[in-house]
file entry06.cif (mmCIF, C-alpha atoms)
data_protein
#
loop_
_atom_site.label_atom_id
_atom_site.label_comp_id
_atom_site.auth_asym_id
_atom_site.auth_seq_id
_atom_site.Cartn_x
_atom_site.Cartn_y
_atom_site.Cartn_z
CA MET A 1 -37.56 28.21 -28.82
CA ILE A 2 -35.15 25.62 -30.17
CA ARG A 3 -37.54 24.19 -32.74
CA PRO A 4 -38.46 27.56 -34.42
CA ALA A 5 -34.80 28.47 -34.89
CA LEU A 6 -34.01 25.08 -36.35
CA ALA A 7 -37.10 25.27 -38.61
CA VAL A 8 -36.08 28.71 -39.91
CA THR A 9 -32.61 27.47 -40.75
CA LEU A 10 -33.89 24.37 -42.53
CA SER A 11 -36.48 26.37 -44.48
CA ARG A 12 -33.75 28.80 -45.57
CA LEU A 13 -31.69 25.85 -46.80
CA ALA A 14 -34.66 24.34 -48.62
CA SER A 15 -35.60 27.61 -50.27
CA THR A 16 -32.13 28.36 -51.63
CA GLY A 17 -31.34 24.82 -52.67
CA THR A 18 -27.62 25.49 -52.19
CA PRO A 19 -25.20 24.36 -49.50
CA LEU A 20 -25.04 26.42 -46.37
CA GLN A 21 -22.68 29.39 -46.68
CA SER A 22 -20.95 31.21 -43.84
CA ASP A 23 -23.89 33.56 -43.38
CA THR A 24 -26.36 30.69 -43.39
CA VAL A 25 -24.46 28.29 -41.16
CA LEU A 26 -26.55 26.73 -38.49
CA ASP A 27 -26.19 29.06 -35.54
CA ILE A 28 -25.73 26.75 -32.61
CA ALA A 29 -26.15 29.58 -30.16
CA SER A 30 -29.62 30.33 -31.58
CA LEU A 31 -30.67 26.87 -30.48
CA PHE A 32 -29.87 27.89 -26.89
CA PRO A 33 -30.83 31.56 -26.72
CA THR A 34 -30.91 31.85 -22.91
CA PHE A 35 -28.15 31.45 -20.37
CA GLU A 36 -29.98 28.62 -18.59
CA LEU A 37 -30.30 26.59 -21.80
CA ARG A 38 -26.61 27.00 -22.57
CA VAL A 39 -25.68 25.81 -19.07
CA ALA A 40 -28.01 22.82 -19.38
CA ALA A 41 -26.60 21.94 -22.81
CA SER A 42 -23.04 22.18 -21.53
CA LEU A 43 -23.83 19.90 -18.59
CA LEU A 44 -25.55 17.34 -20.82
CA VAL A 45 -22.62 17.27 -23.24
CA THR A 46 -20.17 16.91 -20.34
CA VAL A 47 -22.14 13.99 -18.91
CA ALA A 48 -22.29 12.36 -22.36
CA VAL A 49 -18.52 12.76 -22.84
CA VAL A 50 -17.82 11.25 -19.41
CA ALA A 51 -20.15 8.33 -20.15
CA VAL A 52 -18.48 7.65 -23.50
CA TRP A 53 -15.06 7.93 -21.83
CA ARG A 54 -15.98 5.28 -19.26
CA LEU A 55 -17.54 3.07 -21.91
CA GLY A 56 -14.32 3.36 -23.90
CA ALA A 57 -12.35 2.27 -20.83
CA ARG A 58 -14.48 -0.88 -20.66
CA LEU A 59 -14.18 -1.52 -24.39
CA HIS A 60 -10.43 -1.01 -24.14
CA ASP A 61 -10.06 -4.13 -21.98
CA LYS A 62 -12.41 -6.21 -24.09
CA GLU A 63 -10.84 -8.92 -26.23
CA VAL A 64 -11.79 -8.80 -29.91
CA ASP A 65 -10.93 -11.65 -32.26
CA ALA A 66 -11.39 -9.64 -35.47
CA VAL A 67 -8.45 -7.28 -34.89
CA SER A 68 -5.23 -7.43 -32.94
CA MET A 69 -5.13 -6.01 -29.45
CA PRO A 70 -2.76 -3.08 -30.21
CA VAL A 71 -4.96 -1.94 -33.12
CA TRP A 72 -8.08 -2.29 -30.99
CA HIS A 73 -6.55 -0.31 -28.14
CA LEU A 74 -5.39 2.42 -30.48
CA SER A 75 -8.81 2.66 -32.14
CA VAL A 76 -10.64 2.93 -28.82
CA THR A 77 -8.17 5.58 -27.62
CA VAL A 78 -8.59 7.64 -30.79
CA LEU A 79 -12.38 7.38 -30.45
CA ARG A 80 -12.23 8.63 -26.89
CA LEU A 81 -10.04 11.57 -27.94
CA VAL A 82 -12.42 12.44 -30.80
CA VAL A 83 -15.40 12.40 -28.44
CA VAL A 84 -13.61 14.63 -25.94
CA ALA A 85 -12.50 17.05 -28.65
CA GLY A 86 -16.00 17.13 -30.19
CA GLY A 87 -17.65 17.79 -26.85
CA GLY A 88 -15.21 20.57 -26.08
CA ALA A 89 -15.73 22.13 -29.51
CA PHE A 90 -19.49 22.00 -29.07
CA VAL A 91 -19.40 23.71 -25.69
CA PHE A 92 -16.98 26.31 -26.98
CA ALA A 93 -19.18 27.01 -30.02
CA VAL A 94 -22.30 27.38 -27.89
CA TRP A 95 -20.70 29.98 -25.62
CA SER A 96 -18.61 31.75 -28.23
CA LEU A 97 -21.39 32.25 -30.77
CA SER A 98 -23.71 33.46 -28.04
CA GLY A 99 -21.41 36.39 -27.36
CA ASP A 100 -20.67 35.47 -23.73
CA ILE A 101 -17.05 34.62 -24.44
CA GLY A 102 -16.71 37.84 -26.42
CA THR A 103 -18.02 39.79 -23.46
CA ILE A 104 -15.61 38.05 -21.10
CA SER A 105 -12.69 38.59 -23.49
CA THR A 106 -13.49 42.28 -23.78
CA GLN A 107 -13.84 42.63 -20.04
CA TYR A 108 -10.54 40.91 -19.26
CA ASP A 109 -8.69 41.97 -22.44
CA LEU A 110 -8.47 38.48 -23.89
CA ASN A 111 -7.96 37.99 -27.59
CA ARG A 112 -8.44 35.00 -29.87
CA GLN A 113 -4.81 33.99 -29.54
CA THR A 114 -5.25 33.60 -25.78
CA PHE A 115 -8.20 31.28 -26.24
CA VAL A 116 -6.23 29.27 -28.78
CA ARG A 117 -3.41 28.89 -26.26
CA ILE A 118 -5.84 27.79 -23.57
CA ALA A 119 -7.37 25.22 -25.91
CA LEU A 120 -3.98 23.90 -26.96
CA SER A 121 -2.79 23.68 -23.35
CA ALA A 122 -5.91 21.77 -22.34
CA ALA A 123 -5.49 19.48 -25.35
CA PHE A 124 -1.89 18.70 -24.43
CA VAL A 125 -2.83 17.98 -20.81
CA VAL A 126 -5.57 15.58 -21.86
CA GLY A 127 -3.26 14.07 -24.45
CA ALA A 128 -0.54 13.51 -21.85
CA TYR A 129 -3.01 11.76 -19.56
CA VAL A 130 -4.25 9.52 -22.35
CA LEU A 131 -0.72 8.85 -23.56
CA THR A 132 0.42 7.71 -20.12
CA SER A 133 -2.55 5.35 -19.95
CA VAL A 134 -1.74 3.95 -23.39
CA LEU A 135 1.94 3.61 -22.46
CA GLY A 136 1.03 1.76 -19.28
CA ARG A 137 -1.07 -0.77 -21.17
CA PHE A 138 1.51 -1.09 -23.94
CA ILE A 139 4.33 -1.71 -21.46
CA GLY A 140 2.17 -4.25 -19.62
CA GLU A 141 1.46 -6.14 -22.84
CA ILE A 142 5.15 -6.24 -23.76
CA ALA A 143 6.13 -7.36 -20.24
CA SER A 144 3.52 -10.14 -20.33
CA THR A 145 5.11 -11.60 -23.48
CA ARG A 146 8.67 -11.40 -22.14
CA PRO A 147 9.18 -13.42 -18.94
CA GLU A 148 12.58 -11.85 -18.29
CA ILE A 149 10.84 -8.54 -17.48
CA SER A 150 9.55 -8.71 -13.91
CA ASP A 151 6.62 -6.77 -12.50
CA HIS A 152 9.03 -4.55 -10.61
CA GLN A 153 10.93 -3.64 -13.78
CA ARG A 154 7.67 -3.02 -15.60
CA GLU A 155 6.59 -0.63 -12.85
CA ILE A 156 9.90 1.25 -13.05
CA ILE A 157 9.66 1.60 -16.85
CA TYR A 158 6.10 2.86 -16.59
CA ARG A 159 6.91 5.43 -13.90
CA ILE A 160 9.87 6.76 -15.86
CA ALA A 161 7.74 7.04 -19.02
CA GLN A 162 4.99 8.78 -17.04
CA VAL A 163 7.33 11.37 -15.52
CA THR A 164 9.01 11.97 -18.89
CA THR A 165 5.66 12.51 -20.60
CA TYR A 166 4.48 15.00 -18.02
CA LEU A 167 7.75 16.94 -18.11
CA ALA A 168 7.64 17.10 -21.91
CA THR A 169 4.02 18.30 -21.79
CA LEU A 170 4.95 21.00 -19.28
CA ALA A 171 7.79 22.18 -21.55
CA VAL A 172 5.46 22.32 -24.57
CA ILE A 173 2.82 24.30 -22.64
CA LEU A 174 5.45 26.77 -21.47
CA GLY A 175 6.54 27.14 -25.10
CA ILE A 176 2.95 27.80 -26.17
CA TRP A 177 2.63 30.60 -23.63
CA ARG A 178 6.13 31.87 -24.51
CA ALA A 179 7.15 31.84 -20.88
CA ASP A 180 10.53 33.19 -19.86
CA LEU A 181 12.33 30.00 -18.95
CA GLY A 182 15.10 31.86 -17.13
CA GLY A 183 12.71 33.63 -14.82
CA PHE A 184 10.65 30.51 -14.55
CA LEU A 185 13.66 28.49 -13.44
CA VAL A 186 14.62 31.14 -10.88
CA GLY A 187 11.08 31.21 -9.54
CA ALA A 188 10.94 27.44 -9.57
CA GLY A 189 14.16 27.36 -7.56
CA PHE A 190 12.75 29.60 -4.84
CA LEU A 191 9.46 27.71 -4.96
CA GLY A 192 11.37 24.46 -4.64
CA ILE A 193 13.10 25.71 -1.51
CA VAL A 194 9.79 26.75 0.04
CA VAL A 195 8.07 23.51 -0.94
CA GLY A 196 11.05 21.50 0.26
CA MET A 197 10.89 23.13 3.68
CA ALA A 198 7.12 22.67 3.91
CA ALA A 199 6.93 19.13 2.54
CA ARG A 200 10.10 17.49 3.78
CA GLN A 201 8.37 14.22 4.58
CA THR A 202 6.71 13.99 1.17
CA LEU A 203 9.94 14.77 -0.65
CA GLY A 204 11.74 12.27 1.55
CA ALA A 205 9.18 9.63 0.60
CA LEU A 206 9.59 10.61 -3.08
CA ILE A 207 13.36 10.23 -2.99
CA ALA A 208 13.09 7.02 -1.01
CA GLY A 209 10.65 5.71 -3.62
CA PHE A 210 13.19 6.10 -6.42
CA VAL A 211 15.86 4.51 -4.21
CA ILE A 212 13.59 1.52 -3.53
CA MET A 213 12.73 1.15 -7.21
CA PHE A 214 16.36 1.01 -8.29
CA SER A 215 17.89 -0.79 -5.29
CA ARG A 216 15.11 -3.43 -5.43
CA PRO A 217 15.06 -4.73 -1.83
CA PHE A 218 11.74 -6.34 -2.77
CA GLU A 219 9.51 -6.73 -5.80
CA ILE A 220 5.80 -6.91 -6.44
CA GLY A 221 4.52 -10.24 -5.15
CA ASP A 222 7.18 -10.64 -2.46
CA TRP A 223 6.31 -11.56 1.10
CA VAL A 224 7.81 -8.83 3.27
CA GLU A 225 7.70 -7.66 6.85
CA VAL A 226 8.12 -3.92 7.39
CA GLY A 227 8.06 -2.92 11.03
CA ASP A 228 4.75 -4.13 12.45
CA HIS A 229 3.21 -4.88 9.03
CA GLU A 230 3.52 -8.13 7.13
CA GLY A 231 2.02 -9.14 3.81
CA ILE A 232 2.40 -9.36 0.03
CA VAL A 233 3.64 -6.34 -1.95
CA THR A 234 0.95 -5.34 -4.46
CA GLU A 235 2.15 -1.93 -5.68
CA ILE A 236 5.26 0.25 -5.52
CA THR A 237 4.93 3.94 -6.33
CA VAL A 238 7.31 6.85 -5.97
CA VAL A 239 5.57 7.92 -2.75
CA ASN A 240 4.42 4.81 -0.93
CA THR A 241 4.33 1.02 -1.02
CA ARG A 242 1.11 -0.95 -0.75
CA ILE A 243 1.02 -4.39 0.84
CA GLN A 244 -1.89 -6.76 1.37
CA THR A 245 -1.90 -8.39 4.77
CA PHE A 246 -2.95 -11.97 5.35
CA ASP A 247 -6.26 -10.68 6.76
CA GLY A 248 -7.12 -9.11 3.39
CA GLU A 249 -6.32 -5.54 4.45
CA PHE A 250 -4.37 -3.09 2.29
CA VAL A 251 -1.71 -1.06 4.07
CA MET A 252 -0.11 2.03 2.52
CA ILE A 253 3.39 2.53 3.92
CA PRO A 254 5.34 5.71 3.01
CA ASN A 255 8.60 4.91 1.29
CA ASP A 256 10.64 6.87 3.82
CA VAL A 257 9.21 4.61 6.53
CA VAL A 258 10.06 1.55 4.42
CA SER A 259 13.66 2.71 4.01
CA SER A 260 14.07 3.55 7.69
CA GLU A 261 12.39 0.48 9.24
CA SER A 262 13.87 -3.00 9.45
CA LEU A 263 12.84 -4.97 6.37
CA VAL A 264 12.49 -8.75 6.14
CA ASN A 265 11.97 -10.29 2.69
CA ARG A 266 10.81 -13.85 3.23
CA SER A 267 10.59 -14.75 -0.46
CA ARG A 268 13.77 -13.17 -1.78
CA LYS A 269 15.43 -16.47 -2.72
CA GLY A 270 12.23 -18.16 -3.83
CA ARG A 271 12.11 -20.53 -0.87
CA LEU A 272 11.56 -20.32 2.87
CA ARG A 273 12.43 -22.55 5.81
CA LEU A 274 9.85 -23.34 8.45
CA ASP A 275 10.74 -23.93 12.08
CA VAL A 276 8.22 -26.08 13.95
CA GLU A 277 9.06 -26.86 17.60
CA VAL A 278 8.03 -30.11 19.30
CA GLY A 279 8.94 -31.36 22.77
CA VAL A 280 9.75 -34.93 23.78
CA ASP A 281 10.04 -36.50 27.21
CA TYR A 282 13.38 -36.47 28.98
CA GLU A 283 13.41 -40.27 29.01
CA THR A 284 13.03 -40.43 25.19
CA ASP A 285 15.94 -41.28 22.91
CA ILE A 286 16.60 -37.93 21.23
CA ASP A 287 18.25 -39.40 18.12
CA HIS A 288 15.38 -41.81 17.55
CA ALA A 289 12.78 -39.05 17.95
CA ALA A 290 14.68 -36.83 15.51
CA ASP A 291 14.85 -39.63 12.91
CA VAL A 292 11.13 -40.34 13.26
CA ALA A 293 10.22 -36.65 12.83
CA GLN A 294 12.51 -36.25 9.82
CA ALA A 295 11.11 -39.34 8.10
CA ALA A 296 7.56 -38.14 8.69
CA VAL A 297 8.25 -34.71 7.14
CA GLU A 298 10.21 -35.97 4.12
CA ASP A 299 7.13 -37.72 2.70
CA LEU A 300 4.98 -34.56 2.66
CA ASP A 301 3.94 -32.99 -0.65
CA GLU A 302 3.80 -29.50 0.87
CA VAL A 303 7.55 -29.32 1.57
CA LEU A 304 10.65 -29.59 -0.61
CA SER A 305 12.71 -32.75 -0.78
CA VAL A 306 15.81 -30.68 -1.67
CA PRO A 307 17.07 -29.23 0.59
CA LYS A 308 16.18 -32.06 2.92
CA PRO A 309 14.26 -31.27 6.12
CA GLN A 310 16.36 -31.12 9.26
CA VAL A 311 15.58 -31.90 12.88
CA VAL A 312 17.80 -30.31 15.52
CA ALA A 313 17.78 -30.25 19.33
CA LYS A 314 17.14 -26.67 20.40
CA ARG A 315 16.94 -26.42 24.19
CA PHE A 316 15.96 -27.94 27.52
CA ASP A 317 12.48 -26.86 28.51
CA ASP A 318 10.77 -27.22 31.89
CA SER A 319 9.23 -30.59 31.11
CA ALA A 320 10.66 -31.58 27.71
CA VAL A 321 13.60 -31.52 25.35
CA VAL A 322 12.57 -29.21 22.48
CA LEU A 323 13.31 -30.35 18.92
CA GLY A 324 13.15 -28.03 15.90
CA VAL A 325 11.68 -29.51 12.70
CA ARG A 326 12.93 -27.44 9.74
CA PRO A 327 11.40 -28.20 6.31
CA TRP A 328 11.60 -25.91 3.25
CA ILE A 329 8.87 -24.59 0.93
CA ASP A 330 9.22 -22.96 -2.50
CA ARG A 331 7.45 -19.85 -3.83
CA PRO A 332 6.63 -18.69 -0.29
CA SER A 333 3.21 -17.28 0.39
CA ALA A 334 1.00 -17.12 3.42
CA ARG A 335 -1.23 -19.93 2.16
CA ARG A 336 1.66 -22.25 1.33
CA TRP A 337 3.33 -21.43 4.66
CA TRP A 338 0.24 -22.31 6.70
CA ARG A 339 -0.42 -25.48 4.69
CA ALA A 340 3.13 -26.73 5.13
CA ARG A 341 3.14 -25.87 8.81
CA THR A 342 -0.17 -27.67 9.43
CA ALA A 343 0.96 -30.72 7.48
CA THR A 344 4.25 -30.83 9.40
CA ILE A 345 2.57 -30.70 12.80
CA SER A 346 0.04 -33.39 11.85
CA ALA A 347 2.69 -35.71 10.38
CA VAL A 348 5.00 -35.41 13.40
CA HIS A 349 2.13 -35.95 15.82
CA GLU A 350 0.98 -39.11 14.04
CA ALA A 351 4.52 -40.48 13.72
CA PHE A 352 5.24 -39.95 17.41
CA ALA A 353 1.98 -41.65 18.33
CA GLU A 354 2.89 -44.71 16.25
CA GLU A 355 6.35 -44.92 17.86
CA ASP A 356 4.99 -44.33 21.38
CA ILE A 357 7.06 -41.16 21.74
CA THR A 358 5.53 -38.99 24.40
CA ILE A 359 4.98 -35.30 23.82
CA PRO A 360 4.81 -34.06 27.41
CA PHE A 361 2.70 -31.20 28.58
CA PRO A 362 3.67 -28.76 31.31
CA GLN A 363 3.23 -30.26 34.80
CA ARG A 364 3.23 -28.55 38.17
CA ALA A 365 3.26 -30.30 41.60
CA LEU A 366 1.34 -28.68 44.44
CA SER A 367 2.20 -29.47 48.11
CA GLU A 368 0.32 -28.68 51.33
CA ARG A 369 1.67 -28.16 54.84
CA ASP A 370 1.04 -30.74 57.58
CA PRO A 371 -1.84 -29.37 59.70
CA SER A 372 -0.74 -31.44 62.74
CA GLY A 373 2.11 -29.12 63.60
CA PRO A 374 0.98 -25.54 63.32
CA ILE A 375 3.40 -22.77 64.06
CA PRO A 376 2.45 -20.96 67.33
CA LEU A 377 1.59 -17.35 66.94
CA THR A 378 2.45 -16.30 70.56
CA ASP A 379 5.34 -14.04 71.44
CA THR A 380 8.36 -16.22 72.35
CA ARG A 381 10.69 -13.47 73.43
CA PRO A 382 12.18 -14.05 77.02
CA GLU A 383 10.80 -11.95 79.81
CA ALA A 384 13.15 -9.44 81.38
CA SER A 385 14.29 -10.33 84.93
CA PRO A 386 15.02 -7.76 87.60
CA GLU A 387 18.66 -8.75 87.55
CA ALA A 388 18.85 -8.22 83.87
CA ASP A 389 17.57 -4.69 84.35
CA GLY A 390 20.33 -3.99 86.84
CA GLY A 391 18.32 -4.68 90.06
CA VAL A 392 15.36 -2.46 89.67
CA GLU A 393 13.99 -2.99 93.16
CA GLY A 394 17.28 -2.56 94.93
CA GLY A 395 18.23 0.33 92.78
CA ASP A 396 14.96 2.00 93.35
CA GLY A 397 15.24 1.42 97.09
CA GLY A 398 18.76 2.69 97.19
CA ALA A 399 17.83 5.67 95.19
CA SER A 400 14.93 6.40 97.52
CA THR A 401 17.10 6.05 100.65
CA GLY A 402 19.79 8.18 99.17
CA SER A 403 17.35 10.87 98.37
CA LYS A 404 15.88 10.79 101.83
CA GLU A 405 19.32 11.10 103.38
CA ALA A 406 20.05 14.00 101.08
CA ASP A 407 16.83 15.70 102.18
CA GLU A 408 17.73 15.27 105.82
#

call {"tool": "encode", "arguments": {"input": "entry06.cif", "output": "structure tokens"}}
result
Amino acid sequence: MIRPALAVTLSRLASTGTPLQSDTVLDIASLFPTFELRVAASLLVTVAVVAVWRLGARLHDKEVDAVSMPVWHLSVTVLRLVVVAGGGAFVFAVWSLSGDIGTISTQYDLNRQTFVRIALSAAFVVGAYVLTSVLGRFIGEIASTRPEISDHQREIIYRIAQVTTYLATLAVILGIWRADLGGFLVGAGFLGIVVGMAARQTLGALIAGFVIMFSRPFEIGDWVEVGDHEGIVTEITVVNTRIQTFDGEFVMIPNDVVSSESLVNRSRKGRLRLDVEVGVDYETDIDHAADVAQAAVEDLDEVLSVPKPQVVAKRFDDSAVVLGVRPWIDRPSARRWWRARTATISAVHEAFAEEDITIPFPQRALSERDPSGPIPLTDTRPEASPEADGGVEGGDGGASTGSKEADE
């Protein structure tokens, strides 16, 4: 059915020898005369648009030597927008020329102006989404060329630009539909109260997210400990914070939990001090053991020479005097922390072995009772004598005699 309609149109063009006029324009709807064909065509065009959109996303990140990166990114973005607009126009033409949209518009009292508003609103929504993506990449490129802009600041700039773009798009769409802003604001106020009561935790996380972004207790890449979770911060949004644990797991923590829990930032100052405990025997010279441990740690490549490592006496343990070896590392991370800790333990162990300094291990002495003198298990309480009971026999006899005399 598609081929005859196309053949008739082409033969009409060939016979007249003139360009197609409005009455001879290729009727797209005639190529899809049935409802099933129009649905299939719409699905195929949608799939093609999605495929081109994803291909454009891959091409967007591809490096091209012929043109500069901003020009390449802009060209790929424009191409994606053209493909989306062309696909939407094709689907709209198929359904509008077939008369289905006219039937729907008559049934629901929709005019051409309404469809134009719908199309413009959809175009602005898609444009806002694409614009935020372009802004994100543009801000990232600028931040990569300027070392004074940190990842945290880049994230804040991007989020502010994203929220501003969406708010501006919403205002434009409301202007297209000529909405009453006064009534809209009143309704939005009541809706805000209802939503605020129903989503207090989400709004709390949202507010806490902005507080975290501007107060900057930590930045992306910092090693933090939030409650029971510890890891590297990988992303900060207005709702939650994502950290990657040292086991490779990603943990999403709501920002209200982050602001309410105790927070430890181990890499805030760019360096971190380790505390490795080692015990020495009570008969060992403490000062000599501390000097040996400090000299062993100072030669390590994994720790900083400034500030110098310190060795302090911490406490008396059950079988040893505990020393604390305290070296420093820069740019703290889990890998550097474990490497420095392992190197410190190995160096101290080898140095103590060379100096014959004993690292004692817990000892416990067990004793056994002498089996030659067991404790008797018999009852050793003294037996009661008649005198101690007040003369039981005599008392009984006297009592018996007295009773007999009373009976007589």

call {"tool": "atom_distance", "arguments": {"input": "entry06.cif", "atom1": "CA of Leu131 (chain A)", "atom2": "CA of Leu185 (chain A)"}}
result
26.4 Å

call {"tool": "resolve_selection", "arguments": {"input": "entry06.cif", "expression": "the PyMOL selection byres ((chain A and resi 259) around 9)", "output": "PyMOL selection string"}}
result
chain A and resi 205+208-209+211-212+254-258+260-263

call {"tool": "atom_distance", "arguments": {"input": "entry06.cif", "atom1": "CA of Arg268 (chain A)", "atom2": "CA of Trp223 (chain A)"}}
result
8.2 Å

call {"tool": "closest_residue", "arguments": {"input": "entry06.cif", "among": "A:Thr202, A:Gln162, A:Ala295, A:Ile345", "to": "Asn240 (chain A)", "atoms": "all atoms listed in the file"}}
result
A:Thr202

call {"tool": "closest_residue", "arguments": {"input": "entry06.cif", "among": "A:Val321, A:Ala343, A:Ile232, A:Ile286", "to": "Glu298 (chain A)", "atoms": "only C-alpha atoms"}}
result
A:Ala343

call {"tool": "atom_distance", "arguments": {"input": "entry06.cif", "atom1": "CA of Trp328 (chain A)", "atom2": "CA of Lys314 (chain A)"}}
result
18.0 Å

call {"tool": "resolve_selection", "arguments": {"input": "entry06.cif", "expression": "the PyMOL selection byres ((chain A and resi 152) around 8)", "output": "number ranges by chain"}}
result
A: 150-151, 153-156, 213, 219-220, 236

call {"tool": "write_last_selection", "arguments": {"input": "entry06.cif", "atoms": "C-alpha atoms", "output": "CSV table (one decimal), keeping the file's coordinate frame"}}
result
chain,number,residue,atom,x,y,z
A,150,SER,CA,9.6,-8.7,-13.9
A,151,ASP,CA,6.6,-6.8,-12.5
A,153,GLN,CA,10.9,-3.6,-13.8
A,154,ARG,CA,7.7,-3.0,-15.6
A,155,GLU,CA,6.6,-0.6,-12.8
A,156,ILE,CA,9.9,1.2,-13.0
A,213,MET,CA,12.7,1.2,-7.2
A,219,GLU,CA,9.5,-6.7,-5.8
A,220,ILE,CA,5.8,-6.9,-6.4
A,236,ILE,CA,5.3,0.2,-5.5

call {"tool": "residues_near_point", "arguments": {"input": "entry06.cif", "point": "(-4.3, 3.5, 2.6)", "cutoff": "12 Å", "atoms": "all atoms listed in the file", "output": "list in words"}}
result
Glu235, Asn240, Thr241, Arg242, Ile243, Gln244, Glu249, Phe250, Val251, Met252, Ile253 and Pro254 of chain A

call {"tool": "closest_residue", "arguments": {"input": "entry06.cif", "among": "A:Ile142, A:Val226, A:Ile329, A:Ala289", "to": "Val306 (chain A)", "atoms": "all atoms listed in the file"}}
result
A:Ile329

call {"tool": "residues_around", "arguments": {"input": "entry06.cif", "residues": "region 39-55 of chain A", "least_positions_apart": "6", "cutoff": "12 Å", "atoms": "only C-alpha atoms", "output": "ChimeraX atom specification"}}
result
/A:2,28-29,31-33,61-62,76-95,98,100,130

call {"tool": "residues_around", "arguments": {"input": "entry06.cif", "residues": "Arg315 (chain A)", "least_positions_apart": "3", "cutoff": "12 Å", "atoms": "all atoms listed in the file", "output": "list of chain:residue names"}}
result
A:Glu277, A:Val278, A:Gly279, A:Val280, A:Tyr282, A:Ile286, A:Val312, A:Asp318, A:Ser319, A:Ala320, A:Val321, A:Val322, A:Leu323, A:Gly324

call {"tool": "closest_residue", "arguments": {"input": "entry06.cif", "among": "A:Ser333, A:Gln201, A:Thr145, A:Ser121", "to": "Val224 (chain A)", "atoms": "all atoms listed in the file"}}
result
A:Ser333

call {"tool": "residues_near_point", "arguments": {"input": "entry06.cif", "point": "(8.4, -29.9, 7.4)", "cutoff": "6 Å", "atoms": "only C-alpha atoms", "output": "list in words"}}
result
Val297, Val303, Arg326, Pro327 and Thr344 of chain A

call {"tool": "closest_residue", "arguments": {"input": "entry06.cif", "among": "A:Ala293, A:Leu74, A:Val126, A:Ile173", "to": "Leu59 (chain A)", "atoms": "all atoms listed in the file"}}
result
A:Leu74

call {"tool": "closest_residue", "arguments": {"input": "entry06.cif", "among": "A:Arg58, A:Thr132, A:Thr358, A:Arg38", "to": "Glu283 (chain A)", "atoms": "all atoms listed in the file"}}
result
A:Thr358

call {"tool": "residues_around", "arguments": {"input": "entry06.cif", "residues": "Thr342 (chain A)", "least_positions_apart": "6", "cutoff": "10 Å", "atoms": "all atoms listed in the file", "output": "PyMOL selection string"}}
result
chain A and resi 276+302+336

call {"tool": "residues_around", "arguments": {"input": "entry06.cif", "residues": "Val163 (chain A)", "least_positions_apart": "2", "cutoff": "12 Å", "atoms": "only C-alpha atoms", "output": "count of residues only"}}
result
18
